[in-house]
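Dumped protein.cif below, it's mmCIF, C-alpha atoms:
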data_target
#
loop_
_atom_site.group_PDB
_atom_site.id
_atom_site.type_symbol
_atom_site.label_atom_id
_atom_site.label_comp_id
_atom_site.auth_asym_id
_atom_site.auth_seq_id
_atom_site.Cartn_x
_atom_site.Cartn_y
_atom_site.Cartn_z
ATOM 1 C CA MET A 11 36.426 84.964 229.249
ATOM 2 C CA SER A 12 38.187 82.115 231.049
ATOM 3 C CA ILE A 13 36.919 78.640 230.221
ATOM 4 C CA SER A 14 36.492 76.514 233.335
ATOM 5 C CA ALA A 15 36.887 72.748 233.574
ATOM 6 C CA ALA A 16 33.221 72.507 234.563
ATOM 7 C CA MET A 17 32.181 74.241 231.322
ATOM 8 C CA VAL A 18 34.328 71.870 229.263
ATOM 9 C CA LYS A 19 32.880 68.896 231.122
ATOM 10 C CA GLU A 20 29.317 70.089 230.461
ATOM 11 C CA LEU A 21 29.983 70.597 226.766
ATOM 12 C CA ARG A 22 31.602 67.161 226.502
ATOM 13 C CA GLY A 23 28.552 65.632 228.134
ATOM 14 C CA ARG A 24 26.178 67.374 225.770
ATOM 15 C CA THR A 25 28.109 66.767 222.534
ATOM 16 C CA GLY A 26 30.233 63.683 223.137
ATOM 17 C CA SER A 27 33.223 65.487 221.609
ATOM 18 C CA GLY A 28 36.809 65.497 222.827
ATOM 19 C CA MET A 29 38.043 67.728 225.653
ATOM 20 C CA MET A 30 40.305 69.928 223.505
ATOM 21 C CA GLU A 31 37.636 70.339 220.826
ATOM 22 C CA CYS A 32 35.158 71.447 223.502
ATOM 23 C CA LYS A 33 37.641 73.876 225.024
ATOM 24 C CA LYS A 34 38.377 75.433 221.625
ATOM 25 C CA ALA A 35 34.673 75.708 220.805
ATOM 26 C CA LEU A 36 33.935 77.465 224.107
ATOM 27 C CA ALA A 37 36.836 79.850 223.616
ATOM 28 C CA ALA A 38 35.657 80.701 220.094
ATOM 29 C CA ALA A 39 32.145 81.318 221.430
ATOM 30 C CA ASP A 40 33.461 83.445 224.318
ATOM 31 C CA GLY A 41 32.030 80.980 226.823
ATOM 32 C CA ASP A 42 28.530 80.906 225.327
ATOM 33 C CA MET A 43 27.519 77.259 225.764
ATOM 34 C CA GLU A 44 24.629 77.273 223.295
ATOM 35 C CA LEU A 45 26.633 79.088 220.627
ATOM 36 C CA ALA A 46 29.488 76.636 221.080
ATOM 37 C CA ILE A 47 27.101 73.722 220.570
ATOM 38 C CA GLU A 48 25.600 75.362 217.472
ATOM 39 C CA ASN A 49 29.048 76.002 215.982
ATOM 40 C CA MET A 50 30.125 72.425 216.712
ATOM 41 C CA ARG A 51 26.995 71.087 215.063
ATOM 42 C CA LYS A 52 27.672 73.181 211.959
ATOM 43 C CA ALA A 53 31.252 71.970 211.860
ATOM 44 C CA GLY A 54 30.019 68.413 212.290
ATOM 45 C CA LEU A 55 27.654 68.763 209.339
ATOM 46 C CA ALA A 56 30.518 70.036 207.199
ATOM 47 C CA LYS A 57 32.692 67.108 208.229
ATOM 48 C CA ALA A 58 29.855 64.696 207.507
ATOM 49 C CA ASP A 59 29.396 66.084 204.004
ATOM 50 C CA LYS A 60 33.131 65.763 203.289
ATOM 51 C CA LYS A 61 33.142 62.117 204.383
ATOM 52 C CA SER A 62 29.947 61.133 202.556
ATOM 53 C CA GLY A 63 31.825 59.927 199.478
ATOM 54 C CA ARG A 64 34.104 57.546 201.346
ATOM 55 C CA ILE A 65 33.481 53.807 201.115
ATOM 56 C CA ALA A 66 31.580 52.405 204.095
ATOM 57 C CA ALA A 67 31.622 48.615 203.797
ATOM 58 C CA GLU A 68 31.711 47.634 207.473
ATOM 59 C CA GLY A 69 28.893 48.084 209.981
ATOM 60 C CA ARG A 70 26.112 46.225 211.744
ATOM 61 C CA VAL A 71 22.853 44.472 210.968
ATOM 62 C CA ALA A 72 20.096 44.764 213.574
ATOM 63 C CA VAL A 73 16.513 43.557 213.995
ATOM 64 C CA ALA A 74 13.676 45.210 215.907
ATOM 65 C CA GLN A 75 10.525 43.214 216.598
ATOM 66 C CA SER A 76 7.110 44.004 218.072
ATOM 67 C CA ALA A 77 6.047 42.286 221.291
ATOM 68 C CA ASP A 78 3.560 40.055 219.446
ATOM 69 C CA THR A 79 6.242 39.206 216.810
ATOM 70 C CA LYS A 80 3.871 40.147 213.975
ATOM 71 C CA ASN A 81 5.903 43.172 212.928
ATOM 72 C CA ALA A 82 9.650 43.408 212.519
ATOM 73 C CA VAL A 83 12.326 45.351 210.680
ATOM 74 C CA ILE A 84 15.866 44.416 209.712
ATOM 75 C CA ILE A 85 18.397 47.164 208.948
ATOM 76 C CA ASP A 86 21.961 47.492 207.695
ATOM 77 C CA ILE A 87 23.923 50.568 208.804
ATOM 78 C CA ASN A 88 27.440 50.965 207.469
ATOM 79 C CA CYS A 89 30.672 52.566 208.656
ATOM 80 C CA GLU A 90 34.234 52.392 207.360
ATOM 81 C CA THR A 91 36.029 50.127 209.835
ATOM 82 C CA ASP A 92 35.338 47.089 211.958
ATOM 83 C CA PHE A 93 36.858 49.029 214.862
ATOM 84 C CA VAL A 94 33.929 51.477 214.876
ATOM 85 C CA ALA A 95 31.341 48.789 214.014
ATOM 86 C CA LYS A 96 32.141 46.884 217.216
ATOM 87 C CA GLY A 97 31.947 49.970 219.452
ATOM 88 C CA ASP A 98 29.034 50.521 221.833
ATOM 89 C CA THR A 99 28.339 54.016 220.462
ATOM 90 C CA PHE A 100 27.739 52.718 216.940
ATOM 91 C CA LYS A 101 25.859 49.657 218.215
ATOM 92 C CA ASP A 102 23.476 51.798 220.299
ATOM 93 C CA PHE A 103 22.795 54.037 217.296
ATOM 94 C CA VAL A 104 21.987 51.079 215.034
ATOM 95 C CA ASN A 105 19.619 49.523 217.582
ATOM 96 C CA ALA A 106 17.886 52.856 218.251
ATOM 97 C CA ALA A 107 17.436 53.450 214.525
ATOM 98 C CA ALA A 108 15.914 49.972 214.100
ATOM 99 C CA GLU A 109 13.379 50.624 216.865
ATOM 100 C CA ALA A 110 12.454 54.017 215.391
ATOM 101 C CA ILE A 111 11.893 52.528 211.940
ATOM 102 C CA LEU A 112 9.812 49.690 213.391
ATOM 103 C CA ALA A 113 7.514 52.204 215.085
ATOM 104 C CA ALA A 114 7.027 54.344 211.967
ATOM 105 C CA ASP A 115 5.374 53.972 208.581
ATOM 106 C CA VAL A 116 8.360 54.646 206.335
ATOM 107 C CA SER A 117 9.584 52.794 203.273
ATOM 108 C CA THR A 118 12.676 54.695 202.092
ATOM 109 C CA VAL A 119 16.024 55.614 203.624
ATOM 110 C CA ASP A 120 15.316 59.324 203.161
ATOM 111 C CA GLU A 121 12.072 58.972 205.119
ATOM 112 C CA ALA A 122 13.828 56.991 207.829
ATOM 113 C CA TYR A 123 16.496 59.683 208.218
ATOM 114 C CA GLU A 124 13.785 62.131 209.329
ATOM 115 C CA LEU A 125 12.534 59.910 212.160
ATOM 116 C CA LYS A 126 13.263 61.147 215.679
ATOM 117 C CA LEU A 127 15.077 59.122 218.315
ATOM 118 C CA ALA A 128 14.446 59.231 222.067
ATOM 119 C CA ASP A 129 16.637 62.321 222.560
ATOM 120 C CA GLY A 130 14.621 64.338 220.027
ATOM 121 C CA LYS A 131 17.273 64.292 217.305
ATOM 122 C CA THR A 132 16.536 62.697 213.966
ATOM 123 C CA ILE A 133 18.359 59.601 212.789
ATOM 124 C CA ASP A 134 20.193 61.767 210.251
ATOM 125 C CA GLU A 135 21.227 64.377 212.845
ATOM 126 C CA THR A 136 22.530 61.630 215.092
ATOM 127 C CA ARG A 137 24.311 59.977 212.176
ATOM 128 C CA ARG A 138 26.053 63.217 211.216
ATOM 129 C CA GLY A 139 27.024 63.810 214.819
ATOM 130 C CA LEU A 140 28.636 60.363 214.936
ATOM 131 C CA ILE A 141 30.522 61.085 211.723
ATOM 132 C CA ALA A 142 32.030 64.162 213.363
ATOM 133 C CA LYS A 143 32.771 62.273 216.583
ATOM 134 C CA LEU A 144 34.091 58.994 215.137
ATOM 135 C CA GLY A 145 35.713 60.361 211.994
ATOM 136 C CA GLU A 146 34.102 57.896 209.589
ATOM 137 C CA ASN A 147 31.409 57.942 206.942
ATOM 138 C CA ILE A 148 28.245 56.352 208.366
ATOM 139 C CA SER A 149 25.121 55.581 206.378
ATOM 140 C CA LEU A 150 21.832 53.747 206.654
ATOM 141 C CA ARG A 151 22.257 51.526 203.624
ATOM 142 C CA ARG A 152 18.955 49.639 203.629
ATOM 143 C CA PHE A 153 16.128 48.209 205.659
ATOM 144 C CA GLN A 154 13.162 45.910 205.117
ATOM 145 C CA ARG A 155 10.060 45.460 207.219
ATOM 146 C CA VAL A 156 7.747 42.479 207.609
ATOM 147 C CA ALA A 157 4.087 42.555 208.626
ATOM 148 C CA SER A 158 3.249 38.925 209.346
ATOM 149 C CA GLU A 159 -0.099 37.151 209.594
ATOM 150 C CA GLY A 160 1.536 34.538 211.797
ATOM 151 C CA GLY A 161 4.754 35.612 213.445
ATOM 152 C CA THR A 162 8.332 36.648 212.765
ATOM 153 C CA GLY A 163 11.617 35.415 214.149
ATOM 154 C CA PHE A 164 15.250 36.268 213.588
ATOM 155 C CA TYR A 165 18.860 35.312 214.077
ATOM 156 C CA LEU A 166 21.922 37.563 214.236
ATOM 157 C CA HIS A 167 25.321 36.049 213.548
ATOM 158 C CA GLY A 168 27.564 38.522 215.324
ATOM 159 C CA GLU A 169 27.027 42.011 213.957
ATOM 160 C CA LYS A 170 27.515 41.252 210.263
ATOM 161 C CA ILE A 171 24.767 38.789 209.260
ATOM 162 C CA GLY A 172 21.083 39.011 210.102
ATOM 163 C CA VAL A 173 18.093 36.939 209.000
ATOM 164 C CA LEU A 174 14.417 37.755 209.469
ATOM 165 C CA VAL A 175 11.849 34.996 208.901
ATOM 166 C CA ASP A 176 8.084 35.255 208.373
ATOM 167 C CA LEU A 177 6.123 32.141 209.428
ATOM 168 C CA ALA A 178 2.496 31.259 208.811
ATOM 169 C CA LYS A 179 2.179 30.538 212.558
ATOM 170 C CA ALA A 180 4.119 32.163 215.375
ATOM 171 C CA ASP A 181 6.869 29.834 216.629
ATOM 172 C CA ASP A 182 9.926 31.546 218.121
ATOM 173 C CA ALA A 183 12.077 28.426 218.373
ATOM 174 C CA LEU A 184 11.327 27.246 214.828
ATOM 175 C CA ALA A 185 11.829 30.727 213.386
ATOM 176 C CA LYS A 186 15.225 31.030 215.070
ATOM 177 C CA ASP A 187 16.320 27.584 213.824
ATOM 178 C CA VAL A 188 15.252 28.389 210.269
ATOM 179 C CA ALA A 189 16.883 31.831 210.405
ATOM 180 C CA MET A 190 20.121 30.285 211.693
ATOM 181 C CA HIS A 191 20.053 27.815 208.796
ATOM 182 C CA ILE A 192 19.521 30.633 206.285
ATOM 183 C CA ALA A 193 22.427 32.606 207.763
ATOM 184 C CA ALA A 194 24.728 29.633 207.191
ATOM 185 C CA SER A 195 23.377 28.165 203.936
ATOM 186 C CA LYS A 196 22.297 31.234 201.928
ATOM 187 C CA PRO A 197 19.267 29.830 200.068
ATOM 188 C CA VAL A 198 18.110 31.890 197.095
ATOM 189 C CA CYS A 199 14.387 31.578 197.818
ATOM 190 C CA VAL A 200 11.842 29.595 199.859
ATOM 191 C CA SER A 201 10.626 26.969 197.366
ATOM 192 C CA GLU A 202 11.040 25.708 193.802
ATOM 193 C CA ALA A 203 7.995 27.751 192.777
ATOM 194 C CA ASP A 204 9.941 30.917 193.617
ATOM 195 C CA VAL A 205 12.947 30.106 191.408
ATOM 196 C CA ASP A 206 13.354 32.295 188.324
ATOM 197 C CA PRO A 207 12.632 30.087 185.250
ATOM 198 C CA ALA A 208 15.466 31.829 183.393
ATOM 199 C CA LEU A 209 17.907 30.638 186.047
ATOM 200 C CA VAL A 210 16.679 27.054 185.671
ATOM 201 C CA GLU A 211 17.018 27.240 181.875
ATOM 202 C CA LYS A 212 20.541 28.615 182.193
ATOM 203 C CA GLU A 213 21.600 25.768 184.464
ATOM 204 C CA LYS A 214 19.850 23.236 182.234
ATOM 205 C CA ALA A 215 21.794 24.480 179.208
ATOM 206 C CA ILE A 216 25.053 23.980 181.103
ATOM 207 C CA PHE A 217 24.025 20.471 182.180
ATOM 208 C CA VAL A 218 23.013 19.570 178.600
ATOM 209 C CA ALA A 219 26.383 20.686 177.250
ATOM 210 C CA GLN A 220 28.209 18.676 179.901
ATOM 211 C CA ALA A 221 26.042 15.571 179.352
ATOM 212 C CA GLU A 222 26.431 15.606 175.579
ATOM 213 C CA GLU A 223 30.188 15.449 176.021
ATOM 214 C CA SER A 224 29.727 12.032 177.619
ATOM 215 C CA GLY A 225 28.454 10.509 174.361
ATOM 216 C CA LYS A 226 25.612 8.724 176.165
ATOM 217 C CA PRO A 227 22.249 8.011 174.458
ATOM 218 C CA ALA A 228 19.651 10.810 174.438
ATOM 219 C CA GLU A 229 17.295 9.050 176.868
ATOM 220 C CA ILE A 230 20.129 8.610 179.387
ATOM 221 C CA ILE A 231 21.146 12.235 178.951
ATOM 222 C CA GLU A 232 17.557 13.335 179.645
ATOM 223 C CA LYS A 233 17.547 11.380 182.913
ATOM 224 C CA MET A 234 20.933 12.817 183.867
ATOM 225 C CA ILE A 235 19.723 16.346 183.249
ATOM 226 C CA GLY A 236 16.522 15.760 185.218
ATOM 227 C CA GLY A 237 18.516 14.507 188.194
ATOM 228 C CA ARG A 238 20.946 17.415 188.088
ATOM 229 C CA ILE A 239 18.135 19.973 187.906
ATOM 230 C CA ARG A 240 16.444 18.409 190.934
ATOM 231 C CA LYS A 241 19.729 18.525 192.835
ATOM 232 C CA PHE A 242 20.306 22.136 191.775
ATOM 233 C CA LEU A 243 16.843 23.202 192.968
ATOM 234 C CA ALA A 244 17.315 21.411 196.277
ATOM 235 C CA GLU A 245 20.617 23.227 196.812
ATOM 236 C CA ILE A 246 19.297 26.748 196.228
ATOM 237 C CA THR A 247 15.837 26.541 197.842
ATOM 238 C CA LEU A 248 15.252 26.759 201.580
ATOM 239 C CA GLU A 249 12.722 23.935 201.581
ATOM 240 C CA GLY A 250 15.051 21.655 199.625
ATOM 241 C CA GLN A 251 18.214 22.183 201.662
ATOM 242 C CA ALA A 252 19.321 19.730 204.334
ATOM 243 C CA PHE A 253 18.810 21.310 207.747
ATOM 244 C CA VAL A 254 22.122 22.450 209.244
ATOM 245 C CA LYS A 255 21.330 20.920 212.656
ATOM 246 C CA ASP A 256 20.187 17.589 211.204
ATOM 247 C CA ASP A 257 21.181 16.788 207.621
ATOM 248 C CA LYS A 258 18.835 13.791 207.547
ATOM 249 C CA VAL A 259 15.845 16.127 207.174
ATOM 250 C CA THR A 260 15.221 19.016 204.804
ATOM 251 C CA VAL A 261 14.110 22.398 206.075
ATOM 252 C CA GLY A 262 10.839 21.890 204.192
ATOM 253 C CA LYS A 263 10.107 18.689 206.110
ATOM 254 C CA LEU A 264 11.223 20.236 209.391
ATOM 255 C CA VAL A 265 8.777 23.129 209.015
ATOM 256 C CA ALA A 266 5.949 20.924 207.698
ATOM 257 C CA GLY A 267 6.458 18.639 210.694
ATOM 258 C CA LYS A 268 5.635 21.615 212.915
ATOM 259 C CA ASP A 269 2.461 22.221 210.859
ATOM 260 C CA ASN A 270 3.935 25.514 209.698
ATOM 261 C CA LYS A 271 5.216 27.259 206.578
ATOM 262 C CA VAL A 272 7.902 29.808 205.765
ATOM 263 C CA ILE A 273 6.244 32.692 203.936
ATOM 264 C CA ARG A 274 9.440 34.580 203.199
ATOM 265 C CA PHE A 275 12.826 35.469 204.583
ATOM 266 C CA ILE A 276 15.275 38.361 204.389
ATOM 267 C CA ARG A 277 19.007 37.814 204.761
ATOM 268 C CA LEU A 278 21.298 40.847 205.043
ATOM 269 C CA GLU A 279 25.074 40.692 205.245
ATOM 270 C CA VAL A 280 27.212 43.742 205.896
ATOM 271 C CA GLY A 281 29.278 44.770 202.895
ATOM 272 C CA GLU A 282 27.683 42.464 200.328
ATOM 273 C CA GLY A 283 27.844 44.058 196.906
ATOM 274 C CA ILE A 284 30.244 46.802 198.037
ATOM 275 C CA GLU A 285 33.800 46.962 196.751
ATOM 276 C CA LYS A 286 35.891 47.572 199.840
ATOM 277 C CA ASP A 287 39.296 49.237 199.902
ATOM 278 C CA GLU A 288 41.763 46.695 201.263
ATOM 279 C CA GLY A 289 43.560 47.810 204.383
ATOM 280 C CA ASP A 290 44.932 46.358 207.584
ATOM 281 C CA PHE A 291 44.003 46.536 211.227
ATOM 282 C CA ALA A 292 46.975 48.719 212.127
ATOM 283 C CA SER A 293 45.852 51.301 209.579
ATOM 284 C CA GLU A 294 42.327 51.232 211.010
ATOM 285 C CA VAL A 295 43.660 51.873 214.518
ATOM 286 C CA MET A 296 45.873 54.743 213.329
ATOM 287 C CA ALA A 297 42.903 56.272 211.495
ATOM 288 C CA GLN A 298 40.955 56.264 214.756
ATOM 289 C CA ILE A 299 43.866 57.790 216.694
ATOM 290 C CA ASN A 300 44.334 60.546 214.127
ATOM 291 C CA ALA A 301 40.613 61.326 214.169
ATOM 292 C CA VAL A 302 40.621 62.073 217.899
#
Go through the file and emit its structure as structure tokens.
Amino acid sequence: MSISAAMVKELRGRTGSGMMECKKALAAADGDMELAIENMRKAGLAKADKKSGRIAAEGRVAVAQSADTKNAVIIDINCETDFVAKGDTFKDFVNAAAEAILAADVSTVDEAYELKLADGKTIDETRRGLIAKLGENISLRRFQRVASEGGTGFYLHGEKIGVLVDLAKADDALAKDVAMHIAASKPVCVSEADVDPALVEKEKAIFVAQAEESGKPAEIIEKMIGGRIRKFLAEITLEGQAFVKDDKVTVGKLVAGKDNKVIRFIRLEVGEGIEKDEGDFASEVMAQINAV
């Protein structure tokens, strides 16, 4: 059976695959459109499985938020190259996945993979289809949801850093300012009460060792250590840090001045904790060309 240009165009529209791949699939299926799609899906699943072990340390962070701001989810979906991460196809998938997870009661990645998107395909089916189309391993690495009594707010720094903030009272402007600060300053926790005592003791031991080297009297050393611990806690806690937009005020005082309180925050950064294979941009481009 001859394969017409119209048939190839239809298959491209339905699968998003390349022209030659569509033509070959139609020829192999003797012009049967549905069989061609089924065969391409099977081939795509096989490709996805082969690529699943490859390091995916690039990607995007996205946030989806309910209209009343009381519910929100932040997700991190990874791919292999920045080239793919910046593309509209990958971006649309990440945003759609975030909205689907927001609307559902799921708590694990495996559960999220089974959620259906607007086109009726699951997140996992769409992910595997993109692996076949884009030639890279793609994975939903993690997500966290917040159900707030007050309101949530967020800030995205490009596609790689995202912060979600839970406030005692809804305040979009304040939440965005605080989230922006967290993106830049990386606090460990909200307040001193949240700091792990073991971490404080570890730092104190280091300060004691340093102070004893000075040969100063014990009472002076005790004051030195107390001052250093206070400085350390101010540096790692959100409430103790100087606000990035106005270093004359701490974030704690900024929020208190708005008669509000930060309940918690989530900061996700693409690639954190993943050992990435070093490459160069030219290699990334050639990988994309060869995958077409």
Expanded to explicit residues, what is the PyMOL selection byres ((chain A and resi 274) around 7) for this file, as a PyMOL selection string? chain A and resi 175-176+200+272-273+275
Residues from last step as file, C-alpha atoms, as a tab-separated table (two decimals), in the frame of the given file:
chain	number	residue	atom	x	y	z
A	175	VAL	CA	11.85	35.00	208.90
A	176	ASP	CA	8.08	35.26	208.37
A	200	VAL	CA	11.84	29.60	199.86
A	272	VAL	CA	7.90	29.81	205.76
A	273	ILE	CA	6.24	32.69	203.94
A	275	PHE	CA	12.83	35.47	204.58
Translate the PyMOL selection byres ((chain A and resi 76-84) around 7), as applied to the file shown, into an explicit residue set as an NGL selection string. :A and (72-75 or 85 or 108 or 112 or 153-162 or 174)
Write out the residues from the selection above, keeping C-alpha atoms, as a PDB file, keeping the file's coordinate frame.
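This is the output file out38.pdb:
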ATOM      1  CA  ALA A  72      20.096  44.764 213.574  1.00  0.00           C
ATOM      2  CA  VAL A  73      16.513  43.557 213.995  1.00  0.00           C
ATOM      3  CA  ALA A  74      13.676  45.210 215.907  1.00  0.00           C
ATOM      4  CA  GLN A  75      10.525  43.214 216.598  1.00  0.00           C
ATOM      5  CA  ILE A  85      18.397  47.164 208.948  1.00  0.00           C
ATOM      6  CA  ALA A 108      15.914  49.972 214.100  1.00  0.00           C
ATOM      7  CA  LEU A 112       9.812  49.690 213.391  1.00  0.00           C
ATOM      8  CA  PHE A 153      16.128  48.209 205.659  1.00  0.00           C
ATOM      9  CA  GLN A 154      13.162  45.910 205.117  1.00  0.00           C
ATOM     10  CA  ARG A 155      10.060  45.460 207.219  1.00  0.00           C
ATOM     11  CA  VAL A 156       7.747  42.479 207.609  1.00  0.00           C
ATOM     12  CA  ALA A 157       4.087  42.555 208.626  1.00  0.00           C
ATOM     13  CA  SER A 158       3.249  38.925 209.346  1.00  0.00           C
ATOM     14  CA  GLU A 159      -0.099  37.151 209.594  1.00  0.00           C
ATOM     15  CA  GLY A 160       1.536  34.538 211.797  1.00  0.00           C
ATOM     16  CA  GLY A 161       4.754  35.612 213.445  1.00  0.00           C
ATOM     17  CA  THR A 162       8.332  36.648 212.765  1.00  0.00           C
ATOM     18  CA  LEU A 174      14.417  37.755 209.469  1.00  0.00           C
TER      19      LEU A 174
END
Ala193 of chain A surroundings by only C-alpha atoms, 12 Å radius, close-in-sequence under 5 positions cut, as a PyMOL selection string: chain A and resi 164-168+170-175+186-188+198+248+253-254+275-279
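Atom CA of Asn105 of chain A is positioned 15.6 Å from atom CA of Val119 of chain A.
For Met234 of chain A, the list of residues within 12 Å, based on all atoms listed in the file and with local chain neighbours fewer than 6 positions off taken out, reads Lys214, Phe217, Val218, Ala219, Gln220, Ala221, Glu222, Ser224, Lys226, Pro227, Ala228, Arg240 and Lys241 of chain A.
Taking atom CA of Leu140 of chain A and atom CA of Ala113 of chain A as endpoints, the distance between them is 22.6 Å.
For the structure shown here, the set of residues caught by the PyMOL selection byres ((chain A and resi 11-19) around 10) is Glu20, Leu21, Arg22, Gly23, Arg24, Gly26, Gly28, Met29, Met30, Glu31, Cys32, Lys33, Lys34, Ala35, Leu36, Ala37, Ala39, Asp40, Gly41, Asp42 and Met43 of chain A.
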Atom CA of Leu209 of chain A and atom CA of Gly225 of chain A, how far apart in Å? 25.6 Å
